[in-house]
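Trainee: Got a structure for you, my_file_14.cif, holding mmCIF, C-alpha atoms.
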```
data_query
#
loop_
_atom_site.label_atom_id
_atom_site.label_comp_id
_atom_site.auth_asym_id
_atom_site.auth_seq_id
_atom_site.Cartn_x
_atom_site.Cartn_y
_atom_site.Cartn_z
CA MET A 1 -11.51 -18.98 -25.31
CA SER A 2 -9.36 -20.56 -22.61
CA ASN A 3 -10.55 -23.15 -20.14
CA TYR A 4 -10.47 -20.60 -17.37
CA VAL A 5 -14.02 -20.39 -16.08
CA CYS A 6 -16.13 -17.98 -14.03
CA ARG A 7 -16.39 -20.44 -11.17
CA GLN A 8 -12.64 -20.31 -10.89
CA PHE A 9 -12.55 -16.54 -11.12
CA VAL A 10 -14.83 -16.04 -8.13
CA GLU A 11 -12.36 -18.11 -6.10
CA ASP A 12 -9.29 -16.30 -7.44
CA VAL A 13 -10.65 -12.78 -7.12
CA THR A 14 -9.09 -12.05 -3.72
CA ALA A 15 -5.66 -13.29 -4.77
CA TYR A 16 -6.09 -11.28 -7.96
CA LEU A 17 -6.85 -8.11 -6.00
CA GLU A 18 -3.96 -8.87 -3.63
CA GLY A 19 -1.60 -9.31 -6.56
CA THR A 20 -0.54 -12.74 -5.35
CA LEU A 21 -1.64 -14.87 -8.30
CA PRO A 22 1.15 -16.58 -10.23
CA ASP A 23 1.90 -14.70 -13.46
CA ALA A 24 0.58 -17.50 -15.62
CA VAL A 25 -2.78 -17.40 -13.84
CA SER A 26 -2.90 -13.60 -13.93
CA VAL A 27 -2.68 -13.77 -17.70
CA LEU A 28 -5.62 -16.17 -17.80
CA VAL A 29 -7.62 -13.93 -15.48
CA GLU A 30 -6.97 -10.82 -17.56
CA ALA A 31 -7.98 -12.64 -20.72
CA HIS A 32 -11.08 -13.96 -19.03
CA LEU A 33 -12.09 -10.55 -17.70
CA ALA A 34 -11.71 -9.05 -21.16
CA ASP A 35 -14.18 -11.62 -22.37
CA CYS A 36 -16.70 -11.92 -19.55
CA PRO A 37 -18.84 -8.93 -18.52
CA HIS A 38 -20.33 -10.86 -15.61
CA CYS A 39 -16.98 -11.50 -14.01
CA ARG A 40 -16.10 -7.85 -14.55
CA GLU A 41 -19.27 -7.01 -12.63
CA TYR A 42 -18.32 -9.52 -9.96
CA LEU A 43 -14.88 -7.94 -9.61
CA HIS A 44 -16.51 -4.52 -9.38
CA GLN A 45 -18.78 -5.75 -6.60
CA MET A 46 -15.88 -7.20 -4.65
CA ARG A 47 -14.16 -3.83 -4.88
CA GLN A 48 -17.36 -2.09 -3.76
CA THR A 49 -17.64 -4.52 -0.86
CA ILE A 50 -14.11 -3.75 0.29
CA THR A 51 -14.62 0.00 -0.02
CA MET A 52 -17.89 -0.08 1.90
CA THR A 53 -16.39 -2.23 4.65
CA ARG A 54 -13.48 0.21 4.96
CA ASP A 55 -15.89 3.14 5.12
CA LEU A 56 -17.66 1.36 7.96
CA GLY A 57 -14.33 0.90 9.73
CA ASP A 58 -13.58 4.60 9.37
CA GLU A 59 -16.59 5.53 11.40
CA ASP A 60 -15.64 6.47 14.90
CA VAL A 61 -16.43 4.30 17.81
CA ASP A 62 -17.14 6.35 20.92
CA ALA A 63 -14.12 7.97 22.46
CA MET A 64 -12.79 6.62 25.69
CA PRO A 65 -14.58 8.22 28.64
CA ALA A 66 -12.35 10.88 30.18
CA ALA A 67 -12.52 9.21 33.58
CA VAL A 68 -11.28 5.91 32.19
CA ARG A 69 -8.49 7.64 30.30
CA GLU A 70 -7.42 9.45 33.45
CA ARG A 71 -7.49 6.24 35.49
CA LEU A 72 -5.33 4.42 32.95
CA LEU A 73 -2.87 7.30 32.80
CA GLN A 74 -2.71 7.26 36.59
CA ALA A 75 -2.11 3.50 36.57
CA PHE A 76 0.71 4.08 34.10
CA ARG A 77 2.28 6.79 36.27
CA ASP A 78 2.01 4.57 39.35
CA SER A 79 3.53 1.56 37.67
CA THR A 80 7.17 0.74 37.92
CA GLY A 81 7.42 -1.19 34.67
CA MET B 1 -9.70 4.76 11.78
CA ARG B 2 -6.52 5.89 10.14
CA ALA B 3 -3.80 6.57 12.67
CA PRO B 4 -2.71 10.16 13.00
CA THR B 5 0.52 10.76 11.14
CA ILE B 6 1.51 13.85 13.03
CA PRO B 7 3.11 13.18 16.39
CA LEU B 8 1.11 14.63 19.23
CA VAL B 9 4.21 15.94 20.93
CA PRO B 10 6.51 17.96 18.74
CA GLY B 11 10.08 16.83 19.09
CA ASP B 12 9.27 13.31 20.20
CA ASP B 13 8.23 11.39 17.12
CA PHE B 14 6.14 8.70 18.75
CA SER B 15 5.26 7.28 15.35
CA ASP B 16 8.80 5.90 15.51
CA ASP B 17 8.55 2.69 17.54
CA ALA B 18 12.04 3.01 19.00
CA VAL B 19 11.31 6.50 20.33
CA LEU B 20 7.92 5.47 21.66
CA VAL B 21 9.18 2.35 23.42
CA LYS B 22 12.03 4.28 25.01
CA ALA B 23 9.61 6.90 26.30
CA LEU B 24 7.21 4.24 27.59
CA THR B 25 10.01 2.43 29.36
CA ALA B 26 10.99 5.75 30.94
CA ARG B 27 7.35 6.07 32.06
CA ASP B 28 6.69 9.20 30.03
CA PRO B 29 2.93 9.80 30.43
CA GLU B 30 2.81 11.64 27.09
CA ALA B 31 3.92 8.45 25.40
CA PHE B 32 1.22 6.41 27.06
CA ALA B 33 -1.38 9.07 26.25
CA TYR B 34 -0.27 8.86 22.61
CA LEU B 35 -0.76 5.11 22.67
CA LEU B 36 -4.21 5.45 24.26
CA ASP B 37 -5.39 8.04 21.76
CA ARG B 38 -4.00 6.27 18.76
CA TYR B 39 -5.09 2.72 19.46
CA HIS B 40 -8.11 2.83 21.72
CA ALA B 41 -10.72 2.99 18.95
CA PRO B 42 -9.25 0.21 16.76
CA LEU B 43 -8.78 -1.95 19.87
CA VAL B 44 -12.46 -1.53 20.73
CA ARG B 45 -13.47 -2.30 17.17
CA LEU B 46 -11.43 -5.47 17.08
CA ALA B 47 -12.52 -6.56 20.57
CA GLN B 48 -16.15 -6.28 19.48
CA GLN B 49 -15.57 -9.04 16.95
CA TYR B 50 -14.85 -11.54 19.71
CA VAL B 51 -17.38 -10.71 22.38
CA PRO B 52 -21.15 -10.27 22.37
CA ASN B 53 -21.47 -6.61 23.26
CA ARG B 54 -19.77 -3.27 23.66
CA ALA B 55 -19.63 -3.49 27.46
CA VAL B 56 -17.55 -6.67 27.35
CA ALA B 57 -15.43 -5.19 24.56
CA ASP B 58 -14.66 -2.20 26.77
CA GLU B 59 -13.65 -4.57 29.55
CA VAL B 60 -11.35 -6.45 27.19
CA VAL B 61 -9.72 -3.21 26.06
CA GLN B 62 -9.20 -2.01 29.62
CA GLU B 63 -7.61 -5.33 30.55
CA THR B 64 -5.39 -4.93 27.50
CA TRP B 65 -4.24 -1.49 28.61
CA LEU B 66 -3.46 -2.78 32.09
CA ALA B 67 -1.47 -5.65 30.57
CA VAL B 68 0.40 -3.12 28.43
CA ILE B 69 1.24 -1.00 31.47
CA GLU B 70 2.52 -4.08 33.22
CA GLY B 71 4.36 -5.58 30.29
CA VAL B 72 5.80 -2.75 28.25
CA GLY B 73 9.05 -2.82 30.22
CA ARG B 74 9.63 -6.32 28.92
CA PHE B 75 8.72 -5.55 25.30
CA GLU B 76 11.69 -6.57 23.18
CA GLN B 77 10.81 -5.01 19.83
CA ARG B 78 10.90 -8.29 17.99
CA SER B 79 7.61 -7.18 16.47
CA SER B 80 6.17 -3.71 16.05
CA LEU B 81 4.59 -2.20 19.14
CA LYS B 82 1.27 -2.19 17.29
CA THR B 83 1.48 -5.93 16.62
CA TRP B 84 2.45 -6.61 20.22
CA LEU B 85 -0.44 -4.50 21.48
CA PHE B 86 -3.02 -6.20 19.29
CA ARG B 87 -1.68 -9.65 20.12
CA ILE B 88 -2.34 -8.92 23.77
CA LEU B 89 -5.87 -7.81 22.89
CA VAL B 90 -6.53 -10.87 20.73
CA ASN B 91 -5.42 -13.19 23.53
CA ILE B 92 -7.57 -11.48 26.14
CA ALA B 93 -10.53 -11.15 23.76
CA ARG B 94 -10.37 -14.81 22.73
CA THR B 95 -10.38 -15.87 26.35
CA HIS B 96 -13.49 -13.76 26.95
CA GLY B 97 -14.99 -14.96 23.68
CA VAL B 98 -14.56 -18.60 24.66
CA LYS B 99 -16.30 -17.84 27.94
CA GLU B 100 -19.11 -16.21 25.98
CA HIS B 101 -19.20 -19.10 23.48
CA ARG B 102 -18.49 -16.79 20.63
CA SER B 103 -14.87 -17.36 19.84
CA ILE B 104 -12.88 -20.29 18.57
CA PRO B 105 -10.15 -21.92 20.62
CA PHE B 106 -6.62 -20.68 20.11
CA ALA B 107 -4.43 -21.64 17.21
CA THR B 108 -6.97 -23.15 14.92
CA ASN B 109 -6.75 -22.23 11.30
CA VAL B 110 -9.71 -24.14 10.05
CA ILE B 111 -10.16 -23.70 6.37
CA ASN B 112 -13.13 -25.37 4.86
CA ASP B 113 -12.39 -25.87 1.21
CA ASN B 114 -15.97 -26.83 0.59
CA GLU B 115 -17.07 -23.28 0.84
CA PRO B 116 -17.63 -21.86 -2.62
CA ALA B 117 -17.64 -18.08 -2.96
CA VAL B 118 -20.74 -18.33 -5.13
CA ASP B 119 -23.42 -21.02 -5.23
CA PRO B 120 -22.23 -23.52 -7.90
CA HIS B 121 -25.78 -23.75 -9.22
CA ARG B 122 -25.40 -20.27 -10.61
CA PHE B 123 -22.92 -21.55 -13.22
CA ARG B 124 -23.38 -23.51 -16.40
CA ARG B 125 -21.12 -26.33 -17.35
CA PHE B 126 -20.14 -24.69 -20.64
CA ALA B 127 -19.28 -21.15 -21.59
CA LEU B 128 -21.40 -19.08 -23.93
CA LYS B 129 -19.52 -16.72 -26.20
CA GLY B 130 -18.91 -13.42 -24.45
CA ARG B 131 -20.93 -14.43 -21.38
CA GLY B 132 -18.71 -16.87 -19.57
CA THR B 133 -20.38 -19.67 -17.66
CA TRP B 134 -22.69 -17.66 -15.46
CA ALA B 135 -26.28 -18.92 -15.57
CA GLN B 136 -27.38 -16.40 -12.95
CA PRO B 137 -24.83 -13.62 -13.29
CA PRO B 138 -24.29 -10.93 -10.70
CA GLN B 139 -26.58 -8.01 -11.40
CA PRO B 140 -25.35 -4.47 -10.88
CA TRP B 141 -26.43 -3.18 -7.51
CA SER B 142 -29.39 -0.92 -7.41
CA GLU B 143 -27.46 2.32 -7.28
CA PRO B 144 -25.18 3.50 -10.02
CA GLU B 145 -21.42 3.48 -9.49
CA ARG B 146 -21.04 3.19 -5.81
CA ARG B 147 -23.57 2.75 -3.08
CA ALA B 148 -22.91 5.19 -0.33
CA LEU B 149 -22.63 3.73 3.09
CA ASP B 150 -26.11 4.58 4.26
CA ALA B 151 -27.64 3.22 7.46
CA GLU B 152 -29.14 0.26 5.64
CA ALA B 153 -25.89 -0.79 3.96
CA ARG B 154 -24.09 -0.43 7.27
CA VAL B 155 -26.49 -2.87 8.92
CA VAL B 156 -26.17 -5.35 6.04
CA ILE B 157 -22.38 -5.34 6.33
CA GLU B 158 -22.32 -5.44 10.12
CA GLN B 159 -24.69 -8.39 10.21
CA ALA B 160 -22.77 -10.22 7.49
CA VAL B 161 -19.49 -9.73 9.37
CA ASP B 162 -21.14 -10.82 12.58
CA ARG B 163 -22.34 -14.07 11.02
CA LEU B 164 -18.90 -15.03 9.70
CA PRO B 165 -17.04 -17.92 11.31
CA PRO B 166 -14.73 -16.41 13.94
CA GLU B 167 -11.46 -16.94 12.02
CA GLN B 168 -12.90 -15.21 8.96
CA ARG B 169 -14.39 -12.42 11.03
CA GLU B 170 -11.06 -11.83 12.73
CA VAL B 171 -9.08 -11.54 9.50
CA LEU B 172 -11.71 -9.49 7.68
CA THR B 173 -11.95 -7.06 10.58
CA MET B 174 -8.22 -6.50 10.59
CA ARG B 175 -7.83 -6.25 6.84
CA ASP B 176 -10.93 -4.31 5.83
CA LEU B 177 -12.41 -2.59 8.87
CA LEU B 178 -9.04 -1.65 10.36
CA ASP B 179 -7.23 -1.43 7.02
CA TRP B 180 -4.19 -3.48 8.06
CA SER B 181 -1.76 -4.99 5.59
CA ALA B 182 -1.62 -8.75 5.03
CA VAL B 183 1.78 -8.82 6.74
CA GLU B 184 0.42 -7.14 9.86
CA VAL B 185 -2.45 -9.62 10.08
CA CYS B 186 -0.17 -12.65 9.66
CA ASP B 187 2.11 -11.20 12.30
CA ALA B 188 -0.63 -10.49 14.82
CA LEU B 189 -2.32 -13.87 14.40
CA GLY B 190 0.67 -16.05 13.64
CA ILE B 191 -0.86 -17.46 10.46
CA THR B 192 0.59 -17.92 6.99
CA ASP B 193 -0.09 -15.52 4.17
CA ALA B 194 -1.97 -18.23 2.29
CA ASN B 195 -4.22 -18.90 5.29
CA GLN B 196 -4.79 -15.23 5.77
CA ARG B 197 -5.83 -14.83 2.17
CA VAL B 198 -8.22 -17.78 2.16
CA LEU B 199 -9.93 -16.56 5.33
CA LEU B 200 -10.17 -13.06 3.91
CA HIS B 201 -11.53 -14.43 0.65
CA ARG B 202 -14.22 -16.49 2.38
CA GLY B 203 -15.21 -13.54 4.52
CA ARG B 204 -15.32 -10.98 1.73
CA SER B 205 -17.21 -13.35 -0.54
CA LYS B 206 -19.92 -13.70 2.09
CA VAL B 207 -20.15 -9.97 2.70
CA ARG B 208 -20.50 -9.43 -1.05
CA ALA B 209 -23.20 -12.10 -1.18
CA ALA B 210 -25.08 -10.35 1.63
CA LEU B 211 -24.93 -7.05 -0.26
CA GLU B 212 -26.09 -8.81 -3.40
CA ARG B 213 -29.07 -10.28 -1.59
CA GLN B 214 -29.97 -6.77 -0.51
CA TYR B 215 -29.16 -4.77 -3.62
CA GLY B 216 -28.84 -7.13 -6.58
CA GLU B 217 -31.77 -6.81 -8.98
CA GLY B 218 -32.12 -10.59 -9.17
CA ARG B 219 -32.18 -11.08 -5.37
CA TYR B 220 -30.40 -14.42 -5.32
CA ALA B 221 -30.88 -16.49 -2.26
#
```
Now that the file is in, can you turn its structure into structure tokens?
Mentor:
Amino acid sequence: MSNYVCRQFVEDVTAYLEGTLPDAVSVLVEAHLADCPHCREYLHQMRQTITMTRDLGDEDVDAMPAAVRERLLQAFRDSTG
Amino acid sequence: MRAPTIPLVPGDDFSDDAVLVKALTARDPEAFAYLLDRYHAPLVRLAQQYVPNRAVADEVVQETWLAVIEGVGRFEQRSSLKTWLFRILVNIARTHGVKEHRSIPFATNVINDNEPAVDPHRFRRFALKGRGTWAQPPQPWSEPERRALDAEARVVIEQAVDRLPPEQREVLTMRDLLDWSAVEVCDALGITDANQRVLLHRGRSKVRAALERQYGEGRYA
């Protein structure tokens, strides 16, 4: 077992998911994940968190009121740039 | 909100920045309509992260559009039009946010390194074989596989995002709610990739912790 510990993993998880960890550290992380079910669960939860946040972002905010859209388009037409 | 990939006007591919900017400069209303329809919703979503309510967010977005109308003739394409547009919004929104005591001053990239992703008390000093050093490990959330984004989960996430320090909220909104790339975020905010990643990490870690408090079997504080 390497000296790579769970406390370190929870700090490296974002860089790991971003693919920005140095190769040497990535190797340690992979080895650690193979060995530690709790960190695998933690990684899974981070992925769930990201997916759920994206799903929230996909929900529509209200469309722009037609009157506002028309006013902005008019302002654009009237402008000289 | 994924941006539409099909141009609204056949023939003029407004998804190509060069084409779009040329049309905007020539005051083509179709081009401006394209911009409105494509970016209004994400602009509102981002603006909401800086100001206390939707009404002020709408104001910020309208000011942004007016600034775009006024400034697009001077846009020099040193960044993408999208980045330029959101930079204008961020500047206007921060100004409003400061007025509303919600936002941080400009150009601060405060990173507090004393901000562990997980409470250190949940770890042991030494590893146990096949169990790592977790003393209070993360428990699977109370629904198998993936929790659907029901009304309750939505509120948990929204509140967690809302409680984030402004710099973390800003980056997390762009990366996860708006689904931007790291490069786009760094570009829009003028921060380094490393800063971006730390802020994102802090933010995501807190959102995960909030979900764990709600759905983890152990209910860690």
Trainee: On this structure, which residues satisfy the PyMOL selection byres ((chain A) within 9 of (chain B)), written as JSON, numbers by chain?
Mentor: {"A": [1, 5, 6, 7, 10, 11, 12, 13, 14, 15, 18, 32, 35, 36, 37, 38, 39, 41, 42, 44, 45, 46, 48, 49, 50, 51, 52, 53, 54, 55, 56, 57, 58, 59, 60, 61, 62, 63, 64, 68, 69, 72, 73, 74, 75, 76, 77, 79, 80, 81]}
Trainee: May I ask for the distance between atom CA of Pro52 of chain B and atom CA of Arg47 of chain A, given in Å to one decimal place?
Mentor: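 Spanning atom CA of Pro52 of chain B to atom CA of Arg47 of chain A is a straight-line distance of 28.9 Å.
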Trainee: What's the separation between atom CA of Gly203 of chain B and atom CA of Gln168 of chain B, in Å to one decimal place?
Mentor: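 Between atom CA of Gly203 of chain B and atom CA of Gln168 of chain B the gap is 5.3 Å.
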Trainee: Hey, which of B:Leu46, B:Cys186, B:Ile92, B:Ala55 ends up closest to Ala67 of chain B? Count all atoms listed in the file.
Mentor: B:Ile92
Trainee: I need the residue nearest Ser80 of chain B from this list: B:Glu152, B:Asp17, B:Asp162, B:Glu217. Use only C-alpha atoms for the distance.
Mentor: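 Looking at the shortest contact to Ser80 of chain B, the residue is B:Asp17.
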Trainee: Which one of B:Ala160, B:Ala135, B:Thr83, B:Ala93 sits closest to Glu59 of chain B if you count all atoms listed in the file?
Mentor: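 The answer is B:Ala93, which sits nearest to Glu59 of chain B.
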Trainee: Please, what distance in Å, to one decimal, runs between atom CA of Val90 of chain B and atom CA of Arg54 of chain B?
Mentor: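 Here the two named atoms are 15.5 Å from each other.
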Trainee: Could you tell me which of B:Ala23, B:Ser79, B:His96, B:Arg87 comes closest to Asn53 of chain B if we count all atoms listed in the file?
Mentor: B:His96
Trainee: Hey, what's within 12 Å of Glu30 of chain A if we count only C-alpha atoms and toss same-chain stuff fewer than 3 positions away? As a list in words, please?
Mentor: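 The filter keeps Ser2, Tyr4, Val5, Phe9, Asp12, Val13, Tyr16, Leu17, Leu21, Asp23, Ala24, Val25, Ser26, Val27, Leu33, Ala34, Asp35, Cys36, Cys39, Arg40 and Leu43 of chain A.
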